[in-house]
Each structure stands twice: as structure tokens, then as C-alpha cells.
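Below is one structure, written out as C-alpha cells; comments come after it.
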Amino acid sequence: MQTLIIACGALAREVLALFHLNQWDHMELQCLPADLHLRPEKIPDAVEAAVKDAQGIYDTIFIAYADCGTGGLLEARCAALGVEMISGPHCYSFFEGNVAFAEHGEITSFYLTDFLARQFDAFVWRPMGLDKHPELRDMYFGNYEKLVYLAQTEDAQLTKAAREAATRLGLSFERRFTGYGDLNAALKTL
Amino acid sequence: MSDEEDDLILDELSDEELVLQMHDDLYDGMADEIDEAVRILLKRNWLPYDVLTKALVEGMRIVGIDFRDGILFVPEVLLAAGAMKKGMGILKPLLIETGAPQLGKMVIGTVKGDIHDIGKNLVAMMMEGAGFEVVDLGINNPVDDYIDALKREKADILGMSALLTTTMPYMKIVIDTMVEQGIRDDYIVLVGGAPLNEEFGKAIGSDAYCRDAAVAVETAKEFMARKHNQL
């Protein structure tokens, strides 16, 4: 019984780590480009195309995305395609656990995961034009107070990178170890 | 050729050339050049309202189109907005003095639980540029803040913004409260924000979803015209 996980590229390491840790040999991973997050309206079509390519080849297809800024459109598309997805608004939430994340209610926090700590320049700094126009920083981040690094792994280098990111954004820093949170729980059911 | 020789002398351009140059400079986010050009047009006895609409608002309209079409991205739009803001800083006191036309009054704010204000600030600026009086409530607004401001300011339009899928449902709470209080139809309600769409705007009972700042201005004008026609 083969299962395909169609995942956001920002989750590739984490999904593969869970395959390895749990010895889920019946699962395969296909990633969509992580930079779809910069244009979330494109996510439902990209997911649909990947699902249609895989239908008939796998017994089960699972979508490793949360809502991710699609405003419910991804959920509706997955329902129409007959595939399950991760519940919750985004990966920050499901890594911490959707219930715990909602309880924190931190509206002035900006989040990094392991992926974003590692790829901060490529996925945050440069797309926001801050490499060329650092004067825009406070227009983007002026209402934020804290950068919260939701760590999936114990990695001193990533913690250092996340702390440096907080300094560059002019925010205070907090590291919170989450592990894989609801991602593990969602994949375990397959 | 030296840089000095390359430099364009704005004051040597005709009015028409200068306005086109201002559109280019806005597009490129060149705030100092916009500042200089606004002062030149005023020195040539242009009405502040004409400088605003023909040079700045028209320039930002072009920026808005290219943003919508994926040619420009948020950083470029922010730089353009910064340049427009600089020009507006010169014109605003003069517009008040010269009694520029007022199309209506808008209360605008980001909804409770949401601190994102880039889009909201762009809409506020473009609405002001188009001749609306704007009362900006800032970020993280509970329902009472909106309703108190609408009544206090005798506003025509409510504008609500949200960037998060988790906060956009709050717009419905505000509209439902307006319905409960029997004041919903006293105001034009416009909503916007990246995760919203037209369907959502209709489902929560707003008058219109506005995709971007330029659409917000056009929609507000259209609804105000309809309102006047009803009187």
C-alpha cells in the first residue's frame, strides 16, 4: 500500500526525517516549490496538478499543507479532489500544535521554523526587498515585537541564525522547541 | 559622460514632460525627485489638487496596475508609496487651504488580532489622494472601535483590512454588529486584504471586496455616486 505525500518544499526535511524516524517505508514524498508561499493563490492549482498526476499510481495521497494563506481555497480544492490535508492555518501553528498555537494568541510575533531560519535571506530578506532597501524594514515589521523561532530540531547553528535574523529585523528573540508537532500526528494516521 | 551630464534637470522639462517624468519617478520610488517636481509644478502655479491627481495619483494608478499584473512586487510598491507620501506631505496643507473637493469620509482600520497595515496604509493614502477624508484607526481594532468611529466621524464608508486567514472572519463580526444595531445600511462597507476574495466579501455582507488600493478608490467613488443619486 503506497502513500504519496505532496508537501510544501519548506517541509521536505521534516517529512523525510519523520519517514526515517518512524520507518514509514510505504510513503514517498513529492515537494512543490516552497516559494509558492509568496503567491499562496497559486497553491490550490499546483496541488491539484500534482494530485492528478499521482492518481491511479498511489493508494493514498495526502497533502502536507495547512491553509497557508489560501483563505480556505486549498481546503475546498482538497475536498473536491478527495484528498486529506493538514488542519490548521499554517506550519507555525501545526508545528507548535494547533491548540497550543491558538492559545498563545501572539499577534505581534513573527515566526521562523528550521526551514526559514536556514533560508532567511532567500525567503524573507530578499523577497521583501530588504537587501536593496533596508529602509523598508520598519514598514514591514514596525508592528511586530518579537521573533519566535519554532525549532523542529536541536541545532545550535540554526538557533544562532534565527537570533541574528531577529537582530536584523529589530525584534526581540525567543526560541521555542516544538519538534514536529501535528505534522507527525497527521502523517501517523496514514 | 559624467553622472552630472546624465542628470535630468526637472525644471527644464515642460509641464507635460514633467508630469510623465513624475509617473516614472513614482514608479521607481524616487522620493527626492517627486519632492522636487511637486515644488516645481506649484511654482508654475499649478493647483495643488491638479498636482495630486494628475501627477501623483495617476502615477500610483500605473504602479497599482503593474502590481496587479505581477510586474511590480510589494517592495517596489512600498517605495512608490513612500515617494507619493513625500509629495503628499507638501500638498496636504495646501489642499486644505485651497478647499479641494471632498468626495466623502472613510473610517479605515485593520481588524482585531491583526497587526498588518501595509495594504491598509496604501488604501488610506490613495483614498486621500482621490479626495476622500480618511480617519485611520490603525491596527488590531475591535468592533466597538469601528462603530464608535463611524458614528463620531459621521463617516460614509467603512474600510476593513486583514492579512490573515485567521483574522479575516472578524470582518463578519463587525458587519453583523452593524446589522444588529440597525446601522448597516447607513454605511458603505469595503473590505480588502491578501487572503480575501470576492466570494468572501459577499458572504460576510460587505458591499464590495477591493483587490487593491486603486480598486478601493474606484469602488468608493462608484458607491458614493450611487448614494448621491439616491438622495
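In the C-alpha cells, the first chain shown is A, the next is B, and so on; residue numbers restart at 1 for each chain, and ligands run from 1 in the order shown.
Using only C-alpha atoms, the chain B residues found within 8 Å of chain A amount to Val74, Pro75, Leu78, Leu79, Gly113, Asp114, Ile115, His116, Ile118, Leu164, Thr165, Thr166, Pro195 and Leu196 of chain B.
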Now that the selection is made, can you save its residues with C-alpha atoms as a PDB file, in the first residue's frame?
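Written out: again-v5.pdb:
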ATOM      1  CA  VAL B  74       5.418  44.699  -2.701  1.00  0.00           C
ATOM      2  CA  PRO B  75       8.870  46.278  -2.154  1.00  0.00           C
ATOM      3  CA  LEU B  78       6.204  50.460  -0.918  1.00  0.00           C
ATOM      4  CA  LEU B  79       8.973  52.573  -2.401  1.00  0.00           C
ATOM      5  CA  GLY B 113      -5.992  40.240  16.092  1.00  0.00           C
ATOM      6  CA  ASP B 114      -4.167  41.542  13.046  1.00  0.00           C
ATOM      7  CA  ILE B 115      -1.252  43.960  13.032  1.00  0.00           C
ATOM      8  CA  HIS B 116      -0.636  44.128   9.282  1.00  0.00           C
ATOM      9  CA  ILE B 118       0.807  47.906   4.610  1.00  0.00           C
ATOM     10  CA  LEU B 164      -4.507  36.583   7.923  1.00  0.00           C
ATOM     11  CA  THR B 165      -6.992  33.822   7.193  1.00  0.00           C
ATOM     12  CA  THR B 166      -7.404  33.582  10.959  1.00  0.00           C
ATOM     13  CA  PRO B 195      -6.367  36.221   1.593  1.00  0.00           C
ATOM     14  CA  LEU B 196      -9.797  37.710   0.799  1.00  0.00           C
TER      15      LEU B 196
END
- [ ] Using only C-alpha atoms, determine which residues lie at most 9 Å from Met27 in chain A, disregarding the query and same-chain residues fewer than 5 positions distant; provide the list as JSON, numbers by chain.
- [x] {"A": [1, 2, 3, 4, 5, 19, 190]}
Now that the selection is made, can you save its residues with C-alpha atoms as an mmCIF file, in the first residue's frame?
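So the final result, stored in out16.cif, reads:
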data_model
loop_
_atom_site.group_PDB
_atom_site.id
_atom_site.type_symbol
_atom_site.label_atom_id
_atom_site.label_comp_id
_atom_site.auth_asym_id
_atom_site.auth_seq_id
_atom_site.Cartn_x
_atom_site.Cartn_y
_atom_site.Cartn_z
ATOM 1 C CA MET A 1 0.000 0.000 0.000
ATOM 2 C CA GLN A 2 1.849 3.060 -1.250
ATOM 3 C CA THR A 3 1.178 6.551 0.020
ATOM 4 C CA LEU A 4 2.298 9.777 -1.601
ATOM 5 C CA ILE A 5 2.827 12.869 0.493
ATOM 6 C CA PHE A 19 9.810 8.854 7.317
ATOM 7 C CA LEU A 190 -1.798 7.257 7.027
#
Open item on the list: Neighbouring residues of range 202-206 of chain B were defined as those with any atom within 7 Å, considering only C-alpha atoms; residues of the same chain fewer than 5 positions away were excluded. Please report them as number ranges by chain.
Closed with: B: 172, 175, 189-191
Atoms kept (N, CA and C atoms) for selection, written as a tab-separated table (two decimals), in the first residue's frame:
chain	number	residue	atom	x	y	z
B	172	LYS	N	-16.84	39.84	9.58
B	172	LYS	CA	-18.26	39.47	9.65
B	172	LYS	C	-18.83	39.88	11.01
B	175	ILE	N	-19.67	43.51	10.75
B	175	ILE	CA	-20.86	43.76	9.91
B	175	ILE	C	-22.12	43.25	10.62
B	189	VAL	N	-19.62	49.52	3.07
B	189	VAL	CA	-18.59	48.70	3.73
B	189	VAL	C	-17.71	48.05	2.67
B	190	LEU	N	-16.44	48.42	2.68
B	190	LEU	CA	-15.47	47.85	1.73
B	190	LEU	C	-14.45	47.02	2.51
B	191	VAL	N	-14.09	45.87	1.97
B	191	VAL	CA	-13.13	45.01	2.66
B	191	VAL	C	-11.99	44.65	1.71
- [ ] Between B:Phe200, B:Phe132, B:Tyr209, B:Tyr170, single out the one closest to Lys221 in chain B, counting only C-alpha atoms.
- [x] B:Phe132
Open item on the list: as a VMD selection string, please: the residues near range 32-40 of chain B (cut-off 9 Å, only C-alpha atoms, same-chain neighbours under 6 positions excluded).
Closed with: chain B and resid 10 to 11 18 to 19 21 to 22 25 to 26 46 48 51 to 52 55 to 56 83 to 84 86 to 91
Task: strand (DSSP E or B) per DSSP on the backbone: members of range 20-200 of chain B, as a VMD selection string - done: chain B and resid 104 to 111 132 to 136 141 157 to 161 188 to 192
When you look at range 151-160 of chain B with a cut-off of 6 Å (counting only C-alpha atoms), what residues show up, excluding the ones that are within fewer than 2 positions of it in the same chain? I need them as a JSON list (two decimals) with C-alpha atoms, in the first residue's frame.
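Saved file selection.json follows:
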[["chain", "number", "residue", "atom", "x", "y", "z"],
["B", 105, "LYS", "CA", -15.31, 60.33, 4.56],
["B", 106, "MET", "CA", -13.86, 56.90, 5.28],
["B", 107, "VAL", "CA", -13.05, 55.18, 8.56],
["B", 108, "ILE", "CA", -10.43, 52.50, 7.95],
["B", 109, "GLY", "CA", -8.58, 50.01, 10.12],
["B", 110, "THR", "CA", -7.08, 46.54, 10.36],
["B", 148, "ASP", "CA", -17.76, 54.39, 17.58],
["B", 149, "ALA", "CA", -15.58, 55.99, 14.90],
["B", 187, "TYR", "CA", -22.51, 52.98, 5.53],
["B", 188, "ILE", "CA", -20.69, 51.64, 2.52],
["B", 189, "VAL", "CA", -18.59, 48.70, 3.73],
["B", 190, "LEU", "CA", -15.47, 47.85, 1.73],
["B", 191, "VAL", "CA", -13.13, 45.01, 2.66]]
Open item on the list: Calculated over only C-alpha atoms, which of the candidates B:Lys43, B:Ala220, B:Asp176, B:Asn229 has the smallest distance to Gly104 in chain B?
Closed with: B:Ala220
TODO: Report as a ChimeraX atom specification: the residues of range 44-189 of chain A with a DSSP assignment of helix (DSSP H, G or I), based on the backbone of this structure.
DONE: /A:44-54,73-81,91-96,98-104,114-118,120-125,134-141,156-169,181-188
Open item on the list: Restricting the calculation to only C-alpha atoms: of B:Leu72, B:Ala31, B:Ala130, B:Leu42, which residue gets closest to Lys85 in chain B?
Closed with: B:Ala31
